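Visitor: Supplied structure: target.txt, compact mmCIF, C-alpha atoms and all ligand atoms.
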```txt
# COMPACT_ATOMS: atom_id res chain seq x y z
CA MET H 754 41.62 17.84 -9.30
CA ALA H 755 38.99 16.10 -11.38
CA VAL H 756 35.98 18.33 -10.88
CA PHE H 757 35.08 19.33 -14.42
CA THR H 758 31.87 21.20 -13.52
CA PRO H 759 32.20 23.36 -10.40
CA VAL H 760 29.13 23.52 -8.12
CA SER H 761 29.10 26.13 -5.33
CA LEU H 762 27.10 25.97 -2.10
CA ASP H 763 24.87 28.71 -3.56
CA ASP H 764 24.25 26.62 -6.71
CA LEU H 765 23.44 23.60 -4.57
CA SER H 766 21.20 25.55 -2.16
CA SER H 767 18.76 26.52 -4.87
CA TRP H 768 18.97 23.22 -6.79
CA ILE H 769 18.34 21.06 -3.73
CA THR H 770 14.98 22.68 -2.94
CA GLN H 771 13.37 20.20 -5.39
CA PHE H 772 14.31 17.33 -2.99
CA ASP H 773 13.04 16.54 0.51
CA LEU H 774 16.57 16.78 1.89
CA GLY H 775 16.33 20.01 3.86
CA LYS H 776 18.79 22.84 3.40
CA ALA H 777 22.25 22.35 1.86
CA LEU H 778 24.91 22.86 4.53
CA ALA H 779 28.18 21.97 2.75
CA ILE H 780 29.63 20.78 -0.54
CA LYS H 781 33.11 19.41 -1.20
CA GLY H 782 34.53 18.35 -4.56
CA ILE H 783 35.98 14.82 -4.72
CA SER H 784 39.29 14.73 -6.52
CA SER H 785 39.78 11.02 -7.20
CA GLY H 786 37.33 10.29 -10.03
CA ILE H 787 38.22 10.62 -13.70
CA GLU H 788 34.83 10.19 -15.38
CA ASN H 789 32.36 12.49 -13.65
CA SER H 790 32.31 15.47 -11.29
CA ASN H 791 31.59 14.14 -7.80
CA PHE H 792 30.86 15.99 -4.57
CA PHE H 793 30.19 15.04 -0.98
CA ILE H 794 27.23 17.11 0.12
CA THR H 795 25.76 17.62 3.58
CA THR H 796 22.13 18.61 4.01
CA GLU H 797 19.88 18.82 7.03
CA ARG H 798 19.00 15.15 6.38
CA GLY H 799 22.55 13.77 6.24
CA GLU H 800 25.45 13.11 3.88
CA TYR H 801 25.09 12.22 0.21
CA VAL H 802 27.06 12.11 -3.01
CA LEU H 803 26.20 14.45 -5.88
CA THR H 804 27.40 13.42 -9.35
CA VAL H 805 27.34 15.67 -12.40
CA PHE H 806 27.68 13.45 -15.46
CA GLU H 807 30.23 14.75 -17.94
CA LYS H 808 29.77 12.30 -20.81
CA LEU H 809 26.74 10.14 -20.11
CA THR H 810 23.47 11.40 -21.53
CA PHE H 811 19.90 11.73 -20.25
CA GLU H 812 19.11 8.73 -22.51
CA GLN H 813 21.83 6.44 -21.11
CA LEU H 814 21.54 7.33 -17.42
CA PRO H 815 18.17 5.73 -16.53
CA PHE H 816 19.79 2.32 -16.96
CA TYR H 817 22.53 3.01 -14.38
CA LEU H 818 20.44 4.87 -11.82
CA ASN H 819 17.46 2.51 -11.99
CA LEU H 820 19.80 -0.49 -11.79
CA MET H 821 21.26 0.97 -8.57
CA ARG H 822 17.76 1.54 -7.24
CA HIS H 823 16.73 -2.03 -8.21
CA LEU H 824 19.80 -3.50 -6.49
CA ALA H 825 19.41 -1.36 -3.36
CA GLU H 826 15.75 -2.43 -3.11
CA GLY H 827 16.86 -6.04 -3.63
CA GLY H 828 19.15 -5.90 -0.61
CA VAL H 829 22.49 -5.44 -2.43
CA SER H 830 24.61 -2.71 -0.80
CA VAL H 831 24.92 0.00 -3.44
CA PRO H 832 24.23 3.75 -3.32
CA ALA H 833 20.48 4.39 -3.57
CA PRO H 834 19.43 7.26 -5.86
CA ILE H 835 17.32 9.96 -4.22
CA ALA H 836 14.24 11.08 -6.16
CA ASN H 837 13.04 14.68 -6.20
CA ARG H 838 9.44 15.48 -5.25
CA LYS H 839 8.27 14.64 -8.79
CA GLY H 840 9.89 11.21 -8.54
CA SER H 841 12.80 12.01 -10.87
CA ILE H 842 16.27 10.64 -10.02
CA ILE H 843 18.08 12.39 -12.91
CA ASN H 844 17.86 16.19 -12.88
CA GLU H 845 19.66 18.92 -14.79
CA LEU H 846 22.41 20.94 -13.07
CA HIS H 847 24.51 23.48 -15.01
CA GLY H 848 23.07 22.04 -18.22
CA LYS H 849 24.22 18.49 -17.44
CA PRO H 850 22.45 15.47 -15.98
CA ALA H 851 23.05 15.07 -12.24
CA SER H 852 21.91 12.86 -9.39
CA ILE H 853 22.15 12.48 -5.65
CA VAL H 854 22.80 9.05 -4.12
CA THR H 855 23.29 7.82 -0.56
CA LYS H 856 26.83 7.85 0.78
CA LEU H 857 28.45 4.51 1.62
CA ALA H 858 30.39 4.25 4.87
CA GLY H 859 34.11 3.55 5.07
CA HIS H 860 37.04 3.57 2.68
CA CYS H 861 38.33 1.73 -0.34
CA GLU H 862 40.61 -1.21 0.47
CA LEU H 863 43.60 -0.68 -1.78
CA ALA H 864 45.69 -3.54 -0.31
CA PRO H 865 43.10 -6.33 -0.20
CA GLN H 866 43.56 -9.61 1.64
CA PRO H 867 41.74 -12.88 0.89
CA VAL H 868 38.98 -11.90 3.36
CA HIS H 869 38.19 -8.79 1.29
CA CYS H 870 38.29 -10.76 -1.98
CA ALA H 871 35.88 -13.36 -0.58
CA ALA H 872 33.45 -10.61 0.46
CA VAL H 873 33.63 -9.02 -3.00
CA GLY H 874 33.21 -12.39 -4.78
CA ALA H 875 30.15 -13.28 -2.71
CA MET H 876 28.51 -9.90 -3.22
CA LEU H 877 29.27 -9.95 -6.95
CA ALA H 878 27.39 -13.25 -7.27
CA CYS H 879 24.46 -11.83 -5.24
CA MET H 880 24.47 -8.74 -7.44
CA HIS H 881 24.33 -10.76 -10.67
CA MET H 882 21.37 -12.74 -9.41
CA ALA H 883 19.57 -9.70 -8.00
CA ALA H 884 19.93 -7.88 -11.33
CA GLU H 885 18.59 -10.77 -13.40
CA ASP H 886 15.00 -9.50 -13.37
CA PHE H 887 15.96 -5.86 -14.01
CA GLU H 888 13.85 -4.78 -16.95
CA ILE H 889 15.93 -2.14 -18.74
CA ARG H 890 18.42 -3.61 -21.22
CA GLN H 891 21.44 -1.55 -22.25
CA PRO H 892 24.54 -3.14 -23.75
CA ASN H 893 27.97 -2.80 -22.18
CA LEU H 894 29.01 0.43 -23.94
CA ARG H 895 32.67 -0.53 -23.42
CA GLY H 896 32.09 -3.97 -24.92
CA ILE H 897 33.40 -5.57 -28.08
CA SER H 898 31.76 -3.06 -30.48
CA TRP H 899 33.62 -0.26 -28.70
CA TRP H 900 36.88 -2.25 -28.81
CA ASN H 901 36.46 -2.63 -32.57
CA GLU H 902 35.80 1.12 -32.97
CA THR H 903 38.67 2.15 -30.71
CA THR H 904 41.39 -0.16 -32.03
CA PRO H 905 42.01 1.78 -35.28
CA VAL H 906 42.00 5.07 -33.32
CA VAL H 907 44.82 4.07 -30.96
CA LEU H 908 46.77 1.76 -33.28
CA PRO H 909 48.80 4.58 -34.95
CA TYR H 910 50.22 5.60 -31.55
CA LEU H 911 51.64 2.15 -30.73
CA PHE H 912 55.08 0.63 -31.19
CA ASP H 913 55.21 -2.32 -33.60
CA SER H 914 55.22 -4.99 -30.87
CA ASN H 915 52.08 -3.51 -29.28
CA LYS H 916 50.44 -2.99 -32.68
CA GLN H 917 50.85 -6.70 -33.26
CA LEU H 918 49.56 -7.59 -29.77
CA LEU H 919 46.45 -5.45 -30.18
CA THR H 920 45.67 -6.64 -33.70
CA GLU H 921 46.11 -10.32 -32.84
CA GLU H 922 44.13 -10.05 -29.60
CA MET H 923 41.24 -8.31 -31.36
CA ALA H 924 41.15 -11.13 -33.93
CA PHE H 925 41.17 -13.69 -31.11
CA GLN H 926 38.41 -11.90 -29.17
CA ASN H 927 36.18 -11.42 -32.23
CA ALA H 928 36.44 -15.17 -32.93
CA PHE H 929 35.79 -16.00 -29.26
CA ALA H 930 32.70 -13.75 -29.18
CA ALA H 931 31.34 -15.62 -32.22
CA SER H 932 31.95 -19.07 -30.72
CA ASP H 933 29.30 -21.53 -29.50
CA VAL H 934 30.81 -21.54 -26.00
CA PHE H 935 30.43 -17.76 -25.75
CA LYS H 936 26.76 -17.96 -26.71
CA GLU H 937 26.12 -20.32 -23.79
CA LEU H 938 27.56 -17.98 -21.15
CA PRO H 939 25.06 -16.65 -18.60
CA ASN H 940 24.57 -12.92 -18.89
CA GLY H 941 22.67 -9.94 -17.55
CA PRO H 942 23.41 -6.53 -16.05
CA ILE H 943 27.03 -6.36 -14.83
CA HIS H 944 29.06 -3.69 -13.05
CA ALA H 945 31.94 -3.99 -15.56
CA ASP H 946 34.40 -1.80 -13.60
CA LEU H 947 34.56 -3.35 -10.14
CA PHE H 948 38.09 -2.26 -9.27
CA ARG H 949 39.45 -1.78 -5.74
CA ASN H 950 38.53 1.91 -5.94
CA ASN H 951 34.86 1.14 -6.60
CA VAL H 952 34.13 -0.87 -3.45
CA MET H 953 33.77 0.50 0.06
CA PHE H 954 34.81 -1.34 3.23
CA ASP H 955 33.95 -0.26 6.75
CA GLY H 956 36.75 -2.05 8.58
CA ASP H 957 36.70 -5.59 7.09
CA GLN H 958 32.96 -5.29 6.44
CA LEU H 959 31.99 -4.69 2.81
CA SER H 960 29.71 -1.65 2.85
CA GLY H 961 28.96 -1.46 -0.86
CA PHE H 962 29.78 -1.39 -4.56
CA PHE H 963 29.59 1.98 -6.30
CA ASP H 964 30.39 3.77 -9.57
CA PHE H 965 27.95 1.88 -11.79
CA TYR H 966 28.46 4.19 -14.75
CA PHE H 967 30.17 1.56 -16.90
CA ALA H 968 27.50 -1.05 -16.11
CA GLY H 969 25.71 -2.78 -18.97
CA CYS H 970 24.37 -6.13 -20.10
CA ASP H 971 27.16 -8.58 -20.80
CA THR H 972 28.36 -11.98 -19.61
CA TRP H 973 28.64 -12.46 -15.86
CA LEU H 974 32.02 -14.06 -16.43
CA PHE H 975 33.37 -10.82 -17.93
CA ASP H 976 32.48 -9.07 -14.65
CA VAL H 977 34.27 -11.79 -12.67
CA ALA H 978 37.34 -11.45 -14.91
CA VAL H 979 37.46 -7.65 -14.54
CA THR H 980 37.23 -8.02 -10.77
CA VAL H 981 39.82 -10.82 -10.43
CA ASN H 982 42.23 -8.97 -12.76
CA ASP H 983 42.26 -6.05 -10.35
CA TRP H 984 41.66 -7.46 -6.85
CA CYS H 985 43.68 -10.66 -6.99
CA ILE H 986 46.96 -9.55 -8.51
CA ASP H 987 50.28 -8.16 -7.41
CA ILE H 988 49.90 -4.60 -8.71
CA GLU H 989 53.55 -4.26 -9.74
CA SER H 990 53.91 -7.47 -11.73
CA GLY H 991 50.28 -8.21 -12.66
CA LEU H 992 50.80 -11.82 -11.50
CA PHE H 993 47.92 -13.55 -9.70
CA ASP H 994 48.00 -13.96 -5.94
CA GLN H 995 46.61 -17.49 -5.71
CA ALA H 996 45.17 -17.09 -2.19
CA ARG H 997 43.15 -14.04 -3.23
CA VAL H 998 42.06 -15.65 -6.52
CA ARG H 999 40.76 -18.75 -4.70
CA ALA H 1000 39.05 -16.68 -2.00
CA MET H 1001 37.17 -14.60 -4.57
CA LEU H 1002 36.23 -17.38 -7.02
CA ASP H 1003 35.22 -19.89 -4.32
CA ALA H 1004 33.02 -17.30 -2.58
CA TYR H 1005 31.34 -16.43 -5.89
CA HIS H 1006 30.91 -20.10 -6.89
CA GLU H 1007 29.27 -20.95 -3.57
CA ILE H 1008 26.47 -18.48 -4.28
CA ARG H 1009 26.16 -18.71 -8.06
CA PRO H 1010 27.88 -21.88 -9.31
CA PHE H 1011 29.97 -21.42 -12.44
CA THR H 1012 29.03 -23.52 -15.48
CA ALA H 1013 31.19 -25.87 -17.56
CA GLU H 1014 31.07 -23.36 -20.46
CA GLU H 1015 32.34 -20.64 -18.16
CA GLN H 1016 35.32 -22.82 -17.22
CA ILE H 1017 36.20 -23.16 -20.93
CA ALA H 1018 35.75 -19.41 -21.46
CA TRP H 1019 37.71 -18.35 -18.38
CA GLN H 1020 41.13 -17.73 -19.93
CA PRO H 1021 39.77 -15.90 -23.01
CA MET H 1022 37.66 -13.79 -20.65
CA LEU H 1023 40.63 -12.84 -18.48
CA ARG H 1024 42.32 -11.73 -21.70
CA ALA H 1025 39.19 -9.84 -22.79
CA SER H 1026 39.00 -7.88 -19.57
CA ALA H 1027 42.71 -6.96 -19.75
CA LEU H 1028 42.21 -5.87 -23.36
CA ARG H 1029 39.18 -3.72 -22.47
CA PHE H 1030 41.13 -1.65 -19.93
CA TRP H 1031 44.29 -1.52 -22.00
CA LEU H 1032 42.21 -0.02 -24.81
CA SER H 1033 40.37 2.53 -22.65
CA ARG H 1034 43.62 3.59 -20.99
CA LEU H 1035 45.32 3.94 -24.39
CA TYR H 1036 42.39 6.01 -25.59
CA ASP H 1037 42.44 8.30 -22.53
CA PHE H 1038 46.24 8.59 -22.74
CA HIS H 1039 46.41 9.56 -26.40
CA MET H 1040 43.14 11.47 -26.59
CA PRO H 1041 42.96 13.27 -23.21
CA ARG H 1042 40.01 15.53 -22.42
CA ASP H 1043 41.43 18.11 -20.00
CA ALA H 1044 45.05 17.13 -19.75
CA GLU H 1045 46.02 19.69 -17.15
CA MET H 1046 43.54 18.31 -14.63
CA LEU H 1047 44.17 14.61 -14.98
CA THR H 1048 46.90 12.05 -14.69
CA PRO H 1049 45.70 9.29 -17.02
CA HIS H 1050 45.89 5.70 -15.76
CA ASP H 1051 48.94 3.85 -17.04
CA PRO H 1052 48.10 1.78 -20.15
CA ALA H 1053 51.29 -0.33 -19.73
CA HIS H 1054 49.77 -1.95 -16.62
CA PHE H 1055 47.10 -3.67 -18.71
CA GLU H 1056 49.43 -4.39 -21.60
CA ARG H 1057 51.52 -6.35 -19.05
CA ILE H 1058 48.44 -8.12 -17.69
CA LEU H 1059 47.21 -9.00 -21.17
CA ARG H 1060 50.57 -10.54 -22.09
CA LEU H 1061 50.56 -12.57 -18.85
CA ARG H 1062 46.99 -13.82 -19.38
CA ILE H 1063 47.92 -14.96 -22.90
CA GLU H 1064 51.16 -16.67 -21.81
CA GLN H 1065 50.16 -18.28 -18.51
CA ALA H 1066 47.46 -20.86 -17.81
CA ALA H 1067 44.47 -19.39 -15.99
CA PRO H 1068 43.75 -20.53 -12.43
CA ALA H 1069 40.87 -23.00 -12.18
CA LEU H 1070 37.54 -21.19 -12.16
CA PHE H 1071 36.15 -23.71 -9.68
CA THR H 1072 37.56 -26.72 -7.88
CA THR H 1073 34.37 -28.31 -6.53
CA ALA H 1074 30.87 -28.80 -7.89
CA GLY H 1075 28.60 -25.86 -6.91
N1 LIG N 1101 28.06 6.60 -2.92
C1 LIG N 1101 29.26 6.90 -2.47
N2 LIG N 1101 29.54 6.80 -1.16
C2 LIG N 1101 30.75 7.16 -0.67
N3 LIG N 1101 31.75 7.64 -1.43
C3 LIG N 1101 31.54 7.76 -2.75
C4 LIG N 1101 30.30 7.39 -3.34
N4 LIG N 1101 30.37 7.65 -4.67
C5 LIG N 1101 31.61 8.14 -4.89
N5 LIG N 1101 32.32 8.21 -3.74
C6 LIG N 1101 33.70 8.73 -3.58
O1 LIG N 1101 34.02 9.48 -4.71
C7 LIG N 1101 35.19 8.99 -5.36
C8 LIG N 1101 35.04 9.11 -6.87
O2 LIG N 1101 33.86 8.45 -7.29
P1 LIG N 1101 33.76 7.56 -8.59
O3 LIG N 1101 34.77 6.46 -8.54
O4 LIG N 1101 32.34 7.18 -8.75
O5 LIG N 1101 34.18 8.62 -9.68
P2 LIG N 1101 34.43 8.45 -11.20
O6 LIG N 1101 34.63 9.81 -11.76
O7 LIG N 1101 33.38 7.64 -11.84
O8 LIG N 1101 35.83 7.72 -11.13
P3 LIG N 1101 36.53 6.49 -11.81
O9 LIG N 1101 35.78 6.17 -13.04
O10 LIG N 1101 37.91 6.95 -12.02
O11 LIG N 1101 36.49 5.35 -10.80
C9 LIG N 1101 35.32 7.57 -4.87
O12 LIG N 1101 36.64 7.13 -4.84
C10 LIG N 1101 34.72 7.62 -3.47
O13 LIG N 1101 35.69 8.04 -2.55
N1 LIG N 1102 38.82 1.30 -13.71
C1 LIG N 1102 39.29 2.01 -14.88
C2 LIG N 1102 38.98 3.48 -14.85
C3 LIG N 1102 37.56 3.81 -15.22
O1 LIG N 1102 36.71 3.71 -14.13
C4 LIG N 1102 40.80 1.83 -15.03
O2 LIG N 1102 41.45 1.54 -14.03
O3 LIG N 1102 41.30 2.00 -16.12
```
In structure tokens, what does this structure look like?

Guide:
Amino acid sequence: MAVFTPVSLDDLSSWITQFDLGKALAIKGISSGIENSNFFITTERGEYVLTVFEKLTFEQLPFYLNLMRHLAEGGVSVPAPIANRKGSIINELHGKPASIVTKLAGHCELAPQPVHCAAVGAMLACMHMAAEDFEIRQPNLRGISWWNETTPVVLPYLFDSNKQLLTEEMAFQNAFAASDVFKELPNGPIHADLFRNNVMFDGDQLSGFFDFYFAGCDTWLFDVAVTVNDWCIDIESGLFDQARVRAMLDAYHEIRPFTAEEQIAWQPMLRASALRFWLSRLYDFHMPRDAEMLTPHDPAHFERILRLRIEQAAPALFTTAG
């Protein structure tokens, strides 16, 4: 049960009086998250999601919450933050930052078909373009600087073959990030964690992207790579499912055409996104916060994917001019 900060109905009843949401009627902890404490809440006005942020600070949060507001106002389906009567969307609860956002309808699609991947690809392209004029700039806090900080922390825990893989891949990625091709890649605010469990479908209809708390400014292609590496693979083997890959990339390309530089950067970027999640999973595995409450995600999954992305040629990023 991953609710780190308990919130009772009594706690909520007094806290919610600062919003125009009527009385609090019910609160239910959500067990599936591993980063924050999340609750479904019901008030006289409807159903919402309350998040108490466990690690993110009052300084970092305006980027995420205002980005969600910007996207929601721009017609992209994401949870819209609810402001209190003073206009504030981040408010303290039990000494931590917290916010209320609208609840998306439906369920996560954990066994996606090409139709789901096409919907996600199209909305990802719309999201990138809608976020382009967002004014707050915050780097991807799980980007290459974090990889360089985290590598020496996890390295001592690894077997020799994985030590070598991590060291060599970091050298490759540092060189790639310094390359001329990399500098030409389009960038802006990205979701950066758009896994199957962060998208809601109501039937086959995409009802929204959520969990923006790893968002940051980075290359759009990195976001595409993160998404393809989760949505378009066989989960057991990590191998690509070509039909899902094509559905997602073609749908994205139709809305925001990929560039020639992005085609060159595609394989390194698929490797980068596998590395990013291998590293964070290694970190969470070897440095757990509250071990008794959590089953950490399996780092070996992304070690396998990283090895495959190094060994096998990447699928074409696009097959027709945009
Ligand atoms: N706006 C929303 N609308 C509907 N359901 C939501 C919403 N936000 C969160 N949820 C539900 O809460 C669960 C956990 O949320 P979320 O993924 O944001 O948590 P987290 O702690 O950041 O987890 P993780 O980082 O592991 O994905 C989701 O799987 C989803 O079922
Ligand atoms: N999507 C991440 C968890 C953090 O949201 C992972 O699967 O490792």

Visitor: Of the candidates H:Trp900, H:Phe929, H:Phe963, H:Phe948, which one gets nearest to Cys870 in chain H if we count only C-alpha atoms?

Guide: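 Result for the nearest residue to Cys870 in chain H: H:Phe948.
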
Visitor: Could you give me, as a Markdown table, every range 976-1011 of chain H residue with an atom at most 8 Å from range 1018-1040 of chain H, plus its closest atom pair and distance in Å to one decimal, counting only C-alpha atoms, rows ordered by chain then number?

Guide:
```
| residue | atom | partner | partner_atom | distance |
| --- | --- | --- | --- | --- |
| H:Ala978 | CA | H:Leu1023 | CA | 5.0 |
| H:Val979 | CA | H:Ser1026 | CA | 5.3 |
| H:Asn982 | CA | H:Leu1023 | CA | 7.1 |
```

Visitor: Please, which residues in chain H fall within 10 Å of ligand LIG 1101 (chain N) when counting only C-alpha atoms and all ligand atoms, and what is the closest atom pair and distance in Å to one decimal for each, ordered by chain then residue number, as a Markdown table?

Guide:
```
| residue | atom | partner | partner_atom | distance |
| --- | --- | --- | --- | --- |
| H:Ala755 | CA | N:LIG1101 | O6 | 7.7 |
| H:Val756 | CA | N:LIG1101 | O6 | 8.7 |
| H:Phe757 | CA | N:LIG1101 | O6 | 9.9 |
| H:Gly782 | CA | N:LIG1101 | O1 | 8.9 |
| H:Ile783 | CA | N:LIG1101 | O1 | 5.7 |
| H:Ser784 | CA | N:LIG1101 | C8 | 7.1 |
| H:Ser785 | CA | N:LIG1101 | C8 | 5.1 |
| H:Gly786 | CA | N:LIG1101 | O8 | 3.2 |
| H:Ile787 | CA | N:LIG1101 | O10 | 4.0 |
| H:Glu788 | CA | N:LIG1101 | O6 | 3.6 |
| H:Asn789 | CA | N:LIG1101 | O6 | 4.0 |
| H:Ser790 | CA | N:LIG1101 | O6 | 6.1 |
| H:Asn791 | CA | N:LIG1101 | O1 | 6.1 |
| H:Phe792 | CA | N:LIG1101 | O1 | 7.2 |
| H:Phe793 | CA | N:LIG1101 | N3 | 7.6 |
| H:Glu800 | CA | N:LIG1101 | N2 | 9.1 |
| H:Tyr801 | CA | N:LIG1101 | N1 | 7.1 |
| H:Val802 | CA | N:LIG1101 | N1 | 5.6 |
| H:Leu803 | CA | N:LIG1101 | N4 | 8.1 |
| H:Thr804 | CA | N:LIG1101 | O4 | 8.0 |
| H:Val805 | CA | N:LIG1101 | O6 | 9.4 |
| H:Phe806 | CA | N:LIG1101 | O6 | 8.7 |
| H:Glu807 | CA | N:LIG1101 | O6 | 9.1 |
| H:Val831 | CA | N:LIG1101 | N1 | 7.3 |
| H:Pro832 | CA | N:LIG1101 | N1 | 4.8 |
| H:Ala833 | CA | N:LIG1101 | N1 | 7.9 |
| H:Pro834 | CA | N:LIG1101 | N1 | 9.1 |
| H:Ile853 | CA | N:LIG1101 | N1 | 8.8 |
| H:Val854 | CA | N:LIG1101 | N1 | 5.9 |
| H:Thr855 | CA | N:LIG1101 | N1 | 5.5 |
| H:Lys856 | CA | N:LIG1101 | N2 | 3.5 |
| H:Leu857 | CA | N:LIG1101 | N2 | 3.8 |
| H:Ala858 | CA | N:LIG1101 | C2 | 6.3 |
| H:Gly859 | CA | N:LIG1101 | C2 | 7.6 |
| H:His860 | CA | N:LIG1101 | O13 | 7.0 |
| H:Cys861 | CA | N:LIG1101 | O13 | 7.2 |
| H:Asp946 | CA | N:LIG1101 | O11 | 8.0 |
| H:Leu947 | CA | N:LIG1101 | O11 | 8.9 |
| H:Phe948 | CA | N:LIG1101 | O11 | 7.9 |
| H:Arg949 | CA | N:LIG1101 | O11 | 9.2 |
| H:Asn950 | CA | N:LIG1101 | O12 | 5.7 |
| H:Asn951 | CA | N:LIG1101 | O3 | 5.7 |
| H:Val952 | CA | N:LIG1101 | O12 | 8.5 |
| H:Met953 | CA | N:LIG1101 | C2 | 7.3 |
| H:Ser960 | CA | N:LIG1101 | N2 | 9.4 |
| H:Gly961 | CA | N:LIG1101 | N2 | 8.3 |
| H:Phe962 | CA | N:LIG1101 | N1 | 8.3 |
| H:Phe963 | CA | N:LIG1101 | N1 | 5.9 |
| H:Asp964 | CA | N:LIG1101 | O4 | 4.0 |
| H:Phe965 | CA | N:LIG1101 | O4 | 7.5 |
| H:Tyr966 | CA | N:LIG1101 | O7 | 6.7 |
| H:Phe967 | CA | N:LIG1101 | O9 | 8.2 |
| H:Pro1049 | CA | N:LIG1101 | O10 | 9.5 |
| H:His1050 | CA | N:LIG1101 | O10 | 8.9 |
```

Visitor: Quick one: of H:Asn915, H:Phe954, H:Ala1000, H:Arg895, who's nearest to ligand LIG 1102 (chain N), counting all atoms listed in the file?

Guide: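 When distances to ligand LIG 1102 (chain N) are compared using all atoms listed in the file, the smallest one comes from H:Arg895.
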
Visitor: Between H:Gly969, H:Pro939, H:Pro850, H:Gly775, which one has atoms that come closest to Glu812 in chain H, using all atoms listed in the file?

Guide: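 Among H:Gly969, H:Pro939, H:Pro850, H:Gly775, it is H:Pro850 that comes nearest to Glu812 in chain H.
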
Visitor: To one decimal place in Å, what is the distance between CA of Leu818 in chain H and atom C4 of ligand LIG 1102 (chain N)?

Guide: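 Separating CA of Leu818 in chain H from atom C4 of ligand LIG 1102 (chain N) is a distance of 20.8 Å.
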
Visitor: Pick out the residues sitting within 9 Å of Gln771 in chain H, and hand them over as a list in words; count only C-alpha atoms, and ignore anything fewer than 5 positions along from it in its own chain.

Guide: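 Using only C-alpha atoms, the neighbours found are Asn837, Arg838 and Lys839 of chain H.
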
Visitor: Quick one: of H:Ala945, H:Ala871, H:Ile986, H:Ile1063, who's nearest to ligand LIG 1102 (chain N), counting all atoms listed in the file?

Guide: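 Checking each of H:Ala945, H:Ala871, H:Ile986, H:Ile1063 against ligand LIG 1102 (chain N), counting all atoms listed in the file, the winner is H:Ala945.
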
Visitor: If you measure from CA of Leu1059 in chain H to CA of Ala996 in chain H, what distance in Å do you get, rounded to one decimal?

Guide: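 Result for CA of Leu1059 in chain H versus CA of Ala996 in chain H: 20.7 Å, one decimal.
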
Visitor: Give the answer as one residue: which of H:Ile1058, H:Ile1017, H:Leu762, H:Met821 has the shortest atom-to-atom distance to Leu938 in chain H, using only C-alpha atoms?

Guide: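 Looking only at the distances to Leu938 in chain H, the closest residue turns out to be H:Ile1017.
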
Visitor: Using only the atoms of ligand LIG 1102 (chain N) listed in the file, plus 4 Å on each side, state the axis-aligned box centre and edge lengths in Å rounded to one decimal, as AutoDock Vina command-line options.

Guide:
```
--center_x 39.1 --center_y 2.6 --center_z -14.9 --size_x 12.7 --size_y 10.5 --size_z 10.4
```

Visitor: Write out as number ranges by chain each polymer residue whose atoms come within 7 Å of Lys776 in chain H, counting only C-alpha atoms; drop sequence neighbours fewer than 2 positions from it.

Guide: H: 766, 774, 778, 796-797

Visitor: What separation in Å, quoted to one decimal, exists between CA of Gln995 in chain H and CA of Ala884 in chain H?

Guide: 28.9 Å

Visitor: Using only C-alpha atoms and all ligand atoms for the distances, tell me which of H:Asn893, H:Gln1016, H:Thr980, H:Thr1072 is nearest to ligand LIG 1102 (chain N).

Guide: H:Thr980

Visitor: Residues near Arg999 in chain H, anyone? I mean within 9 Å using only C-alpha atoms, not counting same-chain ones fewer than 5 positions away, as an NGL selection string.

Guide: :H and (867 or 870-871 or 985 or 994 or 1004 or 1068-1071)

Visitor: Might you pull out every residue within 9 Å of Arg1009 in chain H, with all atoms listed in the file counted and same-chain residues fewer than 5 positions away left off, and present them as a list of chain:residue names?

Guide: H:Ala875, H:Ala878, H:Cys879, H:His881, H:Met882, H:Ala1004, H:Gly1075
